[in-house]
file my_file-v5.cif (mmCIF, C-alpha atoms)
data_structure
loop_
_atom_site.label_atom_id
_atom_site.label_comp_id
_atom_site.auth_asym_id
_atom_site.auth_seq_id
_atom_site.Cartn_x
_atom_site.Cartn_y
_atom_site.Cartn_z
CA MET U 24 23.39 182.32 -8.36
CA VAL U 25 24.35 179.36 -6.19
CA GLN U 26 28.00 179.56 -5.16
CA LEU U 27 30.23 176.73 -6.29
CA PRO U 28 31.99 175.20 -3.25
CA ARG U 29 35.78 175.55 -3.08
CA PHE U 30 36.32 171.78 -3.26
CA ARG U 31 34.18 171.65 -6.41
CA ARG U 32 36.20 174.42 -8.07
CA ARG U 33 39.39 172.53 -7.19
CA GLU U 34 37.91 169.39 -8.70
CA MET U 35 37.11 171.30 -11.89
CA LEU U 36 40.66 172.63 -12.16
CA LEU U 37 42.21 169.23 -11.54
CA SER U 38 39.95 167.86 -14.24
CA LEU U 39 41.14 170.62 -16.58
CA LEU U 40 44.76 169.77 -15.82
CA ALA U 41 44.13 166.12 -16.64
CA THR U 42 41.87 166.46 -19.67
CA VAL U 43 42.75 169.69 -21.51
CA ALA U 44 44.61 167.81 -24.25
CA GLY U 45 41.75 165.42 -24.79
CA LEU U 46 39.23 168.25 -24.71
CA SER U 47 41.14 170.11 -27.40
CA ALA U 48 41.33 167.01 -29.56
CA CYS U 49 37.60 166.44 -29.30
CA GLN U 50 36.84 170.06 -30.13
CA GLN U 51 39.16 170.05 -33.12
CA GLY U 52 37.20 167.14 -34.51
CA SER U 53 33.78 168.58 -33.80
CA ARG U 54 33.48 170.18 -37.25
CA SER U 55 34.54 167.13 -39.18
CA GLY U 56 31.14 166.81 -40.79
CA ARG U 57 31.44 170.34 -42.25
CA SER U 58 35.06 170.33 -43.32
CA GLY U 59 34.24 171.17 -46.92
CA GLU U 60 33.04 174.67 -46.05
CA ALA U 61 35.14 177.74 -46.79
CA GLY U 62 35.95 179.47 -43.50
CA PRO U 63 35.02 178.56 -39.93
CA VAL U 64 31.43 179.78 -39.88
CA ALA U 65 28.67 177.33 -40.63
CA ASP U 66 25.55 178.30 -42.55
CA SER U 67 22.42 179.04 -40.49
CA GLN U 68 21.21 175.91 -38.78
CA LEU U 69 17.87 174.37 -39.55
CA ALA U 70 15.19 175.01 -36.92
CA GLY U 71 15.79 172.92 -33.83
CA GLU U 72 19.39 172.03 -34.70
CA THR U 73 22.40 173.04 -32.61
CA LEU U 74 24.45 176.03 -33.70
CA LEU U 75 28.11 175.18 -33.04
CA ILE U 76 30.54 178.01 -32.21
CA ASN U 77 34.23 177.12 -31.98
CA GLY U 78 36.82 179.17 -30.13
CA ALA U 79 40.41 178.77 -28.95
CA GLY U 80 43.02 180.64 -26.98
CA ALA U 81 44.08 181.69 -23.51
CA THR U 82 44.36 179.22 -20.64
CA PHE U 83 44.25 182.13 -18.13
CA PRO U 84 40.43 182.46 -18.29
CA ALA U 85 39.75 178.87 -19.41
CA PRO U 86 38.08 177.68 -16.17
CA LEU U 87 35.69 180.63 -16.29
CA TYR U 88 35.00 180.40 -20.03
CA LEU U 89 34.32 176.67 -19.86
CA ARG U 90 31.89 177.27 -17.00
CA TRP U 91 30.23 180.19 -18.79
CA PHE U 92 29.75 178.24 -21.99
CA SER U 93 28.42 175.21 -20.12
CA ASP U 94 25.95 177.29 -18.13
CA TYR U 95 24.80 179.13 -21.24
CA ARG U 96 23.40 175.87 -22.63
CA ARG U 97 20.66 176.26 -19.99
CA VAL U 98 19.90 179.73 -21.32
CA ASP U 99 19.77 178.63 -24.96
CA PRO U 100 20.14 174.85 -25.55
CA ARG U 101 20.42 175.44 -29.30
CA VAL U 102 23.83 177.11 -28.94
CA GLU U 103 26.93 175.03 -28.20
CA ILE U 104 30.26 176.77 -27.62
CA ASN U 105 33.42 174.68 -27.80
CA PHE U 106 36.54 176.32 -26.43
CA GLN U 107 40.09 174.96 -26.79
CA PRO U 108 42.50 176.31 -24.11
CA VAL U 109 45.62 176.27 -26.30
CA GLY U 110 47.28 179.54 -25.22
CA SER U 111 46.87 183.13 -26.38
CA ALA U 112 49.38 182.98 -29.24
CA ALA U 113 47.82 179.86 -30.74
CA GLY U 114 44.36 181.36 -30.34
CA ILE U 115 45.35 184.55 -32.16
CA ARG U 116 46.98 182.51 -34.94
CA GLN U 117 43.85 180.38 -35.43
CA PHE U 118 41.74 183.55 -35.40
CA ILE U 119 43.90 185.16 -38.10
CA ASP U 120 43.76 181.93 -40.11
CA GLN U 121 39.95 181.86 -39.72
CA THR U 122 39.88 178.30 -38.38
CA VAL U 123 37.80 179.37 -35.35
CA ASP U 124 34.75 181.57 -34.85
CA PHE U 125 36.32 183.55 -32.02
CA ALA U 126 39.53 183.57 -29.98
CA ALA U 127 40.60 184.42 -26.44
CA SER U 128 43.78 186.23 -25.47
CA ASP U 129 45.33 187.80 -22.40
CA VAL U 130 47.12 190.16 -24.78
CA ALA U 131 45.16 192.43 -27.08
CA MET U 132 46.06 191.99 -30.75
CA THR U 133 48.66 194.30 -32.26
CA ASP U 134 47.85 196.63 -35.16
CA ALA U 135 49.91 194.38 -37.46
CA GLU U 136 47.92 191.31 -36.43
CA ILE U 137 44.62 193.14 -36.86
CA ALA U 138 45.67 194.18 -40.38
CA GLU U 139 45.86 190.49 -41.33
CA VAL U 140 42.16 189.98 -40.61
CA LYS U 141 40.18 191.20 -43.62
CA ARG U 142 36.86 190.58 -41.85
CA GLY U 143 37.82 193.05 -39.12
CA VAL U 144 38.42 192.54 -35.42
CA VAL U 145 36.44 193.37 -32.29
CA MET U 146 38.41 193.13 -29.03
CA ILE U 147 36.18 192.75 -25.98
CA PRO U 148 37.46 192.76 -22.37
CA MET U 149 35.55 189.95 -20.61
CA THR U 150 37.18 189.58 -17.21
CA ALA U 151 40.49 190.23 -15.46
CA GLY U 152 42.86 188.62 -13.02
CA SER U 153 46.33 188.55 -11.55
CA ILE U 154 49.46 186.51 -12.19
CA ALA U 155 50.80 184.79 -9.08
CA VAL U 156 54.39 183.71 -8.56
CA GLY U 157 54.01 180.23 -7.13
CA TYR U 158 56.53 177.85 -5.58
CA ASN U 159 56.86 174.47 -3.93
CA LEU U 160 58.91 174.67 -0.73
CA PRO U 161 58.28 172.05 1.99
CA GLY U 162 56.95 173.74 5.13
CA ILE U 163 56.58 177.15 3.49
CA GLY U 164 53.08 178.33 2.70
CA SER U 165 52.01 181.50 0.91
CA GLY U 166 53.66 184.77 1.82
CA LEU U 167 57.35 184.27 0.98
CA LYS U 168 58.59 187.79 0.28
CA LEU U 169 60.32 188.45 -3.03
CA SER U 170 61.65 191.92 -3.73
CA ARG U 171 61.66 193.34 -7.24
CA SER U 172 65.39 192.76 -7.53
CA VAL U 173 65.23 189.19 -6.22
CA LEU U 174 62.31 188.31 -8.51
CA VAL U 175 64.26 189.39 -11.59
CA GLN U 176 67.46 187.70 -10.44
CA ILE U 177 65.65 184.38 -9.92
CA PHE U 178 64.16 184.40 -13.41
CA ARG U 179 67.51 185.47 -14.90
CA GLY U 180 69.24 182.54 -13.23
CA GLN U 181 71.40 184.80 -11.06
CA ILE U 182 69.95 183.50 -7.79
CA THR U 183 70.00 179.71 -7.90
CA GLN U 184 69.49 178.57 -4.28
CA TRP U 185 66.51 179.09 -2.01
CA ARG U 186 68.80 179.85 0.91
CA ASP U 187 70.45 182.68 -0.98
CA PRO U 188 71.36 185.46 1.48
CA GLN U 189 69.02 187.93 -0.25
CA ILE U 190 66.00 185.62 0.12
CA LEU U 191 66.89 184.82 3.73
CA ALA U 192 67.22 188.53 4.56
CA LEU U 193 63.73 189.20 3.22
CA ASN U 194 62.25 186.28 5.18
CA PRO U 195 64.07 186.05 8.54
CA ASP U 196 61.20 184.24 10.27
CA LEU U 197 60.92 181.39 7.74
CA GLU U 198 62.84 178.11 7.82
CA ILE U 199 63.58 178.00 4.11
CA PRO U 200 64.80 174.57 2.99
CA ASP U 201 68.20 174.06 1.41
CA LEU U 202 67.07 173.39 -2.16
CA PRO U 203 68.15 174.56 -5.60
CA ILE U 204 65.73 176.85 -7.39
CA ALA U 205 64.04 175.21 -10.37
CA VAL U 206 62.60 177.93 -12.61
CA CYS U 207 59.63 177.04 -14.83
CA TYR U 208 58.30 179.12 -17.69
CA ARG U 209 55.57 178.70 -20.29
CA SER U 210 56.77 176.89 -23.41
CA ASP U 211 53.66 177.82 -25.41
CA GLY U 212 52.88 181.30 -26.67
CA SER U 213 51.17 182.74 -23.63
CA GLY U 214 49.43 185.92 -22.63
CA THR U 215 50.32 185.03 -19.05
CA THR U 216 53.99 185.13 -20.09
CA ASP U 217 53.48 188.46 -21.85
CA THR U 218 51.90 189.98 -18.73
CA PHE U 219 54.58 188.56 -16.45
CA THR U 220 57.48 189.71 -18.62
CA ARG U 221 55.92 193.17 -19.07
CA HIS U 222 56.24 193.52 -15.31
CA LEU U 223 59.83 192.24 -15.23
CA ALA U 224 60.79 194.65 -18.02
CA ALA U 225 59.05 197.53 -16.24
CA ILE U 226 60.99 197.00 -13.01
CA ASP U 227 64.38 196.10 -14.53
CA PRO U 228 65.91 197.96 -17.50
CA THR U 229 68.41 195.16 -18.09
CA TRP U 230 65.61 192.61 -18.48
CA ALA U 231 63.90 194.99 -20.91
CA ALA U 232 67.06 195.43 -22.98
CA GLU U 233 68.44 191.89 -22.96
CA ILE U 234 65.42 189.56 -22.69
CA GLY U 235 62.36 191.63 -23.51
CA VAL U 236 58.62 191.11 -23.45
CA GLY U 237 56.38 188.73 -25.31
CA MET U 238 54.13 185.71 -25.36
CA SER U 239 57.12 183.56 -26.21
CA LEU U 240 60.79 184.42 -25.69
CA GLU U 241 64.25 183.01 -24.99
CA TRP U 242 64.44 182.44 -21.25
CA PRO U 243 67.89 182.62 -19.68
CA VAL U 244 67.16 179.69 -17.34
CA GLY U 245 64.54 177.08 -16.56
CA ILE U 246 62.26 174.39 -17.93
CA GLY U 247 59.34 175.06 -20.27
CA VAL U 248 55.86 173.70 -19.54
CA LYS U 249 52.63 174.13 -21.45
CA GLY U 250 49.66 176.11 -20.19
CA ASN U 251 48.61 177.41 -16.80
CA GLU U 252 47.52 173.84 -16.14
CA GLY U 253 51.02 172.52 -16.90
CA MET U 254 52.64 175.18 -14.70
CA SER U 255 50.28 174.31 -11.85
CA ALA U 256 51.03 170.61 -12.17
CA GLN U 257 54.77 171.30 -12.07
CA MET U 258 54.39 173.28 -8.85
CA LEU U 259 52.26 170.58 -7.27
CA LEU U 260 54.67 167.77 -8.09
CA SER U 261 58.22 169.13 -7.78
CA GLU U 262 59.99 170.59 -4.75
CA GLY U 263 62.06 173.72 -5.32
CA VAL U 264 60.03 174.85 -8.32
CA ILE U 265 59.10 178.47 -8.92
CA GLY U 266 56.92 179.73 -11.76
CA TYR U 267 54.13 182.11 -12.68
CA VAL U 268 50.48 181.15 -12.98
CA GLU U 269 47.04 182.71 -13.14
CA SER U 270 45.97 183.27 -9.54
CA VAL U 271 42.72 181.28 -9.85
CA TYR U 272 44.77 178.15 -10.52
CA ALA U 273 46.99 178.97 -7.53
CA ARG U 274 44.06 179.59 -5.22
CA ASP U 275 41.95 176.58 -6.05
CA LEU U 276 44.90 174.17 -6.23
CA ASP U 277 46.31 175.46 -2.92
CA LEU U 278 49.62 176.50 -4.43
CA SER U 279 51.94 178.60 -2.29
CA VAL U 280 52.33 182.09 -3.73
CA ALA U 281 54.79 184.90 -3.08
CA ALA U 282 54.14 188.34 -1.67
CA LEU U 283 55.69 190.57 -4.34
CA GLU U 284 57.13 194.01 -3.78
CA ASN U 285 55.12 196.71 -5.51
CA ARG U 286 56.26 200.17 -6.58
CA ARG U 287 55.52 201.55 -3.11
CA GLY U 288 57.87 198.99 -1.52
CA GLU U 289 54.95 197.00 -0.04
CA PHE U 290 54.90 193.19 -0.16
CA VAL U 291 51.49 192.19 -1.49
CA LEU U 292 49.74 188.87 -2.09
CA PRO U 293 47.55 188.43 -5.21
CA THR U 294 44.25 188.88 -3.40
CA PRO U 295 41.17 190.05 -5.32
CA GLU U 296 41.25 193.33 -3.40
CA ALA U 297 44.91 194.08 -4.12
CA SER U 298 44.51 193.06 -7.76
CA ALA U 299 41.43 195.25 -8.18
CA LEU U 300 43.40 198.24 -6.88
CA ALA U 301 45.96 197.70 -9.63
CA LEU U 302 43.34 197.17 -12.32
CA SER U 303 41.61 200.42 -11.38
CA GLU U 304 44.65 202.31 -12.71
CA ILE U 305 44.00 201.14 -16.30
CA GLU U 306 42.27 203.65 -18.56
CA LEU U 307 40.85 201.92 -21.63
CA PRO U 308 41.35 203.75 -24.97
CA ASP U 309 38.93 203.51 -27.90
CA ASN U 310 40.35 200.16 -29.03
CA LEU U 311 40.03 198.74 -25.46
CA ARG U 312 43.71 197.71 -25.44
CA ALA U 313 45.60 198.72 -22.31
CA PHE U 314 48.06 197.35 -19.73
CA VAL U 315 49.42 198.36 -16.33
CA PRO U 316 52.84 196.67 -16.02
CA ASP U 317 53.83 198.34 -12.74
CA PRO U 318 50.90 199.83 -10.79
CA ALA U 319 51.69 202.87 -8.67
CA GLY U 320 48.96 202.76 -6.04
CA ALA U 321 49.27 201.83 -2.38
CA GLY U 322 48.27 198.24 -1.68
CA ALA U 323 48.22 197.29 -5.37
CA TYR U 324 49.36 193.84 -6.44
CA PRO U 325 51.86 194.42 -9.25
CA ILE U 326 50.90 191.89 -11.98
CA VAL U 327 47.36 192.12 -13.37
CA THR U 328 45.69 192.03 -16.78
CA TYR U 329 42.40 192.10 -18.60
CA THR U 330 41.65 189.17 -20.87
CA TRP U 331 39.87 189.66 -24.20
CA ILE U 332 37.53 187.79 -26.50
CA LEU U 333 38.45 188.40 -30.15
CA ALA U 334 35.51 188.37 -32.55
CA TYR U 335 35.20 189.17 -36.24
CA ARG U 336 33.37 192.31 -37.32
CA GLN U 337 31.78 190.38 -40.20
CA TYR U 338 30.20 186.91 -40.06
CA ARG U 339 28.81 185.22 -43.15
CA ASP U 340 26.03 183.59 -41.13
CA PRO U 341 23.61 186.01 -39.39
CA ALA U 342 22.70 183.29 -36.87
CA MET U 343 26.36 182.97 -35.87
CA ALA U 344 26.75 186.71 -35.32
CA LYS U 345 23.54 186.92 -33.32
CA ALA U 346 24.35 183.89 -31.16
CA LEU U 347 27.89 185.04 -30.38
CA GLN U 348 26.61 188.48 -29.40
CA ALA U 349 24.01 186.87 -27.14
CA VAL U 350 26.40 184.59 -25.25
CA LEU U 351 28.95 187.37 -24.75
CA ARG U 352 26.21 189.78 -23.61
CA TRP U 353 25.08 187.17 -21.06
CA ALA U 354 28.68 186.68 -19.86
CA LEU U 355 29.13 190.44 -19.43
CA SER U 356 25.94 190.71 -17.37
CA GLU U 357 24.79 187.61 -15.45
CA GLY U 358 28.15 185.91 -15.96
CA GLN U 359 30.13 188.56 -14.05
CA ALA U 360 28.82 187.24 -10.72
CA LEU U 361 30.26 183.85 -11.61
CA ALA U 362 33.60 185.49 -12.51
CA GLU U 363 33.88 186.92 -9.00
CA GLU U 364 32.86 183.63 -7.41
CA MET U 365 35.58 181.77 -9.31
CA GLY U 366 38.30 184.22 -8.26
CA TYR U 367 38.52 186.43 -11.34
CA LEU U 368 38.10 190.20 -11.12
CA PRO U 369 34.62 191.30 -12.20
CA LEU U 370 34.67 194.19 -14.63
CA ALA U 371 33.78 197.66 -13.42
CA GLU U 372 30.41 198.90 -14.66
CA THR U 373 32.12 201.41 -16.94
CA VAL U 374 34.20 198.64 -18.55
CA VAL U 375 31.12 196.41 -18.96
CA ALA U 376 29.39 199.30 -20.73
CA ARG U 377 32.37 199.72 -23.10
CA SER U 378 32.44 195.98 -23.81
CA LEU U 379 28.70 195.92 -24.54
CA GLU U 380 29.18 198.81 -26.97
CA ALA U 381 31.93 196.83 -28.71
CA LEU U 382 29.54 193.90 -29.18
CA GLN U 383 27.45 196.07 -31.48
CA LEU U 384 30.32 196.09 -33.97
CA ILE U 385 29.75 192.38 -34.69
CA GLN U 386 27.71 192.24 -37.90
CA SER U 387 26.69 189.78 -40.60
#

call {"tool": "encode", "arguments": {"input": "my_file-v5.cif", "output": "structure tokens"}}
result
Amino acid sequence: MVQLPRFRRREMLLSLLATVAGLSACQQGSRSGRSGEAGPVADSQLAGETLLINGAGATFPAPLYLRWFSDYRRVDPRVEINFQPVGSAAGIRQFIDQTVDFAASDVAMTDAEIAEVKRGVVMIPMTAGSIAVGYNLPGIGSGLKLSRSVLVQIFRGQITQWRDPQILALNPDLEIPDLPIAVCYRSDGSGTTDTFTRHLAAIDPTWAAEIGVGMSLEWPVGIGVKGNEGMSAQMLLSEGVIGYVESVYARDLDLSVAALENRRGEFVLPTPEASALALSEIELPDNLRAFVPDPAGAGAYPIVTYTWILAYRQYRDPAMAKALQAVLRWALSEGQALAEEMGYLPLAETVVARSLEALQLIQS
């Protein structure tokens, strides 16, 4: 596979930042000619016609999914996959309501959510990645050290200035500007938020007791922005901002990211190698739902997650079931090389095998 140059990946992400709303609007209207049908799945297409598959959900893997689905048109031009990057919570809701053919989420569905889906649910890990803590500080590139305590205090609103003595003590060689800290958080229901707050709760009992974990919660401080693309834009445009964002966005948009303290007391950047060390600690159960909120290993970056495609077990249209299986099988095989190229964590062979087994549960 020909590698996509870094400047081209950056161009793609900037385009996503600028056009995600318009893309979603276009995709929402793409079924207008079939609006009288019951449920999201169209009947089998006539020979030679395009089979349209609609999905929605997580912004975390959106750059990769959009590239996968675009490239798959060269594999099978008869299959068109539209994906709306609206956030994990909205994707799960649309999936439960059966207004999409599949969903994407950085948080596996709960048992209660699965019980709402009479057609059954198949959760398929597709790729993985890390959550970076990004900031905009003039003259300060990546590598600002944030201890576990300081990280929590910033997002609780207890540390409000960049030249706070605790931050200065961690970074004696940096000329940190005298700016107030402007915390940003995701305003939409977000799997990225869930992963980030799982880590904060794991390292701070007070956060766990008073604020909690979830895709959407009451933040003690800050400004809400929508999507990984919105968070990235905020960091690009505003000095003093700190927030959390999927590391692919940070890398390809040249955002400055913090070196976070892991359980071993090491300060680690969200590199693919450090993130893979953390991911290797996850043991997937039968339902393929697992998290590692505070990895224990040496050199491990502390905030990582799988991201899942959510499919129905039963599709009314056999062509739909077959086509969805085919595109996901391609993404789990040939598509994994593209995942690594774009900065995501390719799945281990054992995880790919488990995901391919899960695909067999999709029936018509």

call {"tool": "resolve_selection", "arguments": {"input": "my_file-v5.cif", "expression": "the PyMOL selection byres ((chain U and resi 262) around 10)", "output": "ChimeraX atom specification"}}
result
/U:158-161,200,202-205,257-261,263-265

call {"tool": "write_last_selection", "arguments": {"input": "my_file-v5.cif", "atoms": "C-alpha atoms", "output": "PDB file, keeping the file's coordinate frame"}}
result
ATOM      1  CA  TYR U 158      56.530 177.850  -5.580  1.00  0.00           C
ATOM      2  CA  ASN U 159      56.860 174.470  -3.930  1.00  0.00           C
ATOM      3  CA  LEU U 160      58.910 174.670  -0.730  1.00  0.00           C
ATOM      4  CA  PRO U 161      58.280 172.050   1.990  1.00  0.00           C
ATOM      5  CA  PRO U 200      64.800 174.570   2.990  1.00  0.00           C
ATOM      6  CA  LEU U 202      67.070 173.390  -2.160  1.00  0.00           C
ATOM      7  CA  PRO U 203      68.150 174.560  -5.600  1.00  0.00           C
ATOM      8  CA  ILE U 204      65.730 176.850  -7.390  1.00  0.00           C
ATOM      9  CA  ALA U 205      64.040 175.210 -10.370  1.00  0.00           C
ATOM     10  CA  GLN U 257      54.770 171.300 -12.070  1.00  0.00           C
ATOM     11  CA  MET U 258      54.390 173.280  -8.850  1.00  0.00           C
ATOM     12  CA  LEU U 259      52.260 170.580  -7.270  1.00  0.00           C
ATOM     13  CA  LEU U 260      54.670 167.770  -8.090  1.00  0.00           C
ATOM     14  CA  SER U 261      58.220 169.130  -7.780  1.00  0.00           C
ATOM     15  CA  GLY U 263      62.060 173.720  -5.320  1.00  0.00           C
ATOM     16  CA  VAL U 264      60.030 174.850  -8.320  1.00  0.00           C
ATOM     17  CA  ILE U 265      59.100 178.470  -8.920  1.00  0.00           C
TER      18      ILE U 265
END

call {"tool": "atom_distance", "arguments": {"input": "my_file-v5.cif", "atom1": "atom CA of Gly157 of chain U", "atom2": "atom CA of Ala273 of chain U"}}
result
7.1 Å

call {"tool": "closest_atom_pairs", "arguments": {"input": "my_file-v5.cif", "of": "segment 283-355 of chain U", "to": "segment 76-90 of chain U", "cutoff": "12 Å", "atoms": "only C-alpha atoms", "output": "tab-separated table"}}
result
residue	atom	partner	partner_atom	distance
U:Val327	CA	U:Phe83	CA	11.5
U:Thr328	CA	U:Phe83	CA	10.1
U:Tyr329	CA	U:Pro84	CA	9.8
U:Thr330	CA	U:Pro84	CA	7.3
U:Trp331	CA	U:Ala81	CA	9.0
U:Ile332	CA	U:Gly80	CA	9.0
U:Leu333	CA	U:Gly78	CA	9.4
U:Ala334	CA	U:Gly78	CA	9.6
U:Tyr335	CA	U:Gly78	CA	11.8
U:Tyr338	CA	U:Ile76	CA	11.9
U:Asp340	CA	U:Ile76	CA	11.4
U:Ala342	CA	U:Ile76	CA	10.5
U:Met343	CA	U:Ile76	CA	7.4
U:Ala344	CA	U:Ile76	CA	10.0
U:Lys345	CA	U:Ile76	CA	11.4
U:Ala346	CA	U:Ile76	CA	8.6
U:Leu347	CA	U:Ile76	CA	7.7
U:Gln348	CA	U:Ile76	CA	11.5
U:Val350	CA	U:Ile76	CA	10.4
U:Leu351	CA	U:Tyr88	CA	10.4
U:Ala354	CA	U:Tyr88	CA	8.9
U:Leu355	CA	U:Tyr88	CA	11.6

call {"tool": "closest_residue", "arguments": {"input": "my_file-v5.cif", "among": "U:Thr218, U:Ser378, U:Gly320, U:Trp91", "to": "Ala155 of chain U", "atoms": "all atoms listed in the file"}}
result
U:Thr218

call {"tool": "residues_around", "arguments": {"input": "my_file-v5.cif", "residues": "Gly266 of chain U", "least_positions_apart": "3", "cutoff": "7 Å", "atoms": "only C-alpha atoms", "output": "mmCIF file with C-alpha atoms, in the frame of the given file"}}
result
data_model
loop_
_atom_site.group_PDB
_atom_site.id
_atom_site.type_symbol
_atom_site.label_atom_id
_atom_site.label_comp_id
_atom_site.auth_asym_id
_atom_site.auth_seq_id
_atom_site.Cartn_x
_atom_site.Cartn_y
_atom_site.Cartn_z
ATOM 1 C CA VAL U 156 54.390 183.710 -8.560
ATOM 2 C CA GLY U 157 54.010 180.230 -7.130
ATOM 3 C CA TYR U 158 56.530 177.850 -5.580
ATOM 4 C CA VAL U 206 62.600 177.930 -12.610
ATOM 5 C CA CYS U 207 59.630 177.040 -14.830
ATOM 6 C CA TYR U 208 58.300 179.120 -17.690
ATOM 7 C CA MET U 254 52.640 175.180 -14.700
#

call {"tool": "residues_around", "arguments": {"input": "my_file-v5.cif", "residues": "segment 219-230 of chain U", "least_positions_apart": "2", "cutoff": "7 Å", "atoms": "only C-alpha atoms", "output": "short mmCIF file (atom, residue, chain, number, x, y, z; two decimals) with C-alpha atoms, in the coordinates of the input"}}
result
data_model
loop_
_atom_site.label_atom_id
_atom_site.label_comp_id
_atom_site.auth_asym_id
_atom_site.auth_seq_id
_atom_site.Cartn_x
_atom_site.Cartn_y
_atom_site.Cartn_z
CA ILE U 154 49.46 186.51 -12.19
CA ARG U 171 61.66 193.34 -7.24
CA VAL U 175 64.26 189.39 -11.59
CA THR U 215 50.32 185.03 -19.05
CA THR U 216 53.99 185.13 -20.09
CA ASP U 217 53.48 188.46 -21.85
CA ALA U 232 67.06 195.43 -22.98
CA GLU U 233 68.44 191.89 -22.96
CA ILE U 234 65.42 189.56 -22.69
CA GLY U 235 62.36 191.63 -23.51
CA VAL U 236 58.62 191.11 -23.45
CA GLY U 237 56.38 188.73 -25.31
CA PRO U 316 52.84 196.67 -16.02
CA ASP U 317 53.83 198.34 -12.74
CA ILE U 326 50.90 191.89 -11.98
#

call {"tool": "atom_distance", "arguments": {"input": "my_file-v5.cif", "atom1": "atom CA of Pro308 of chain U", "atom2": "atom CA of Val123 of chain U"}}
result
26.7 Å

call {"tool": "atom_distance", "arguments": {"input": "my_file-v5.cif", "atom1": "atom CA of Asn251 of chain U", "atom2": "atom CA of Arg352 of chain U"}}
result
26.5 Å

call {"tool": "residues_around", "arguments": {"input": "my_file-v5.cif", "residues": "Asp201 of chain U", "least_positions_apart": "4", "cutoff": "8 Å", "atoms": "only C-alpha atoms", "output": "PyMOL selection string"}}
result
chain U and resi 184-186

call {"tool": "residues_around", "arguments": {"input": "my_file-v5.cif", "residues": "segment 358-368 of chain U", "least_positions_apart": "2", "cutoff": "7 Å", "atoms": "all atoms listed in the file", "output": "MDAnalysis selection string"}}
result
chainID U and resid 26 87 91 150:152 271 295 299 353:356 370

call {"tool": "closest_residue", "arguments": {"input": "my_file-v5.cif", "among": "U:Leu191, U:Ile147, U:Val130, U:Leu283", "to": "Leu174 of chain U", "atoms": "only C-alpha atoms"}}
result
U:Leu283

call {"tool": "resolve_selection", "arguments": {"input": "my_file-v5.cif", "expression": "the PyMOL selection byres ((chain U and resi 173) around 10)", "output": "ChimeraX atom specification"}}
result
/U:168-172,174-179,181-182,187,189-190,193,283-284

call {"tool": "write_last_selection", "arguments": {"input": "my_file-v5.cif", "atoms": "C-alpha atoms", "output": "PDB file, in the frame of the given file"}}
result
ATOM      1  CA  LYS U 168      58.590 187.790   0.280  1.00  0.00           C
ATOM      2  CA  LEU U 169      60.320 188.450  -3.030  1.00  0.00           C
ATOM      3  CA  SER U 170      61.650 191.920  -3.730  1.00  0.00           C
ATOM      4  CA  ARG U 171      61.660 193.340  -7.240  1.00  0.00           C
ATOM      5  CA  SER U 172      65.390 192.760  -7.530  1.00  0.00           C
ATOM      6  CA  LEU U 174      62.310 188.310  -8.510  1.00  0.00           C
ATOM      7  CA  VAL U 175      64.260 189.390 -11.590  1.00  0.00           C
ATOM      8  CA  GLN U 176      67.460 187.700 -10.440  1.00  0.00           C
ATOM      9  CA  ILE U 177      65.650 184.380  -9.920  1.00  0.00           C
ATOM     10  CA  PHE U 178      64.160 184.400 -13.410  1.00  0.00           C
ATOM     11  CA  ARG U 179      67.510 185.470 -14.900  1.00  0.00           C
ATOM     12  CA  GLN U 181      71.400 184.800 -11.060  1.00  0.00           C
ATOM     13  CA  ILE U 182      69.950 183.500  -7.790  1.00  0.00           C
ATOM     14  CA  ASP U 187      70.450 182.680  -0.980  1.00  0.00           C
ATOM     15  CA  GLN U 189      69.020 187.930  -0.250  1.00  0.00           C
ATOM     16  CA  ILE U 190      66.000 185.620   0.120  1.00  0.00           C
ATOM     17  CA  LEU U 193      63.730 189.200   3.220  1.00  0.00           C
ATOM     18  CA  LEU U 283      55.690 190.570  -4.340  1.00  0.00           C
ATOM     19  CA  GLU U 284      57.130 194.010  -3.780  1.00  0.00           C
TER      20      GLU U 284
END

call {"tool": "resolve_selection", "arguments": {"input": "my_file-v5.cif", "expression": "the PyMOL selection byres ((chain U and resi 303) around 10)", "output": "number ranges by chain"}}
result
U: 298-302, 304-306, 315, 318, 320, 323, 370-371

call {"tool": "closest_residue", "arguments": {"input": "my_file-v5.cif", "among": "U:Pro325, U:Gly143, U:Gly110, U:Gly166", "to": "Ser128 of chain U", "atoms": "only C-alpha atoms"}}
result
U:Gly110
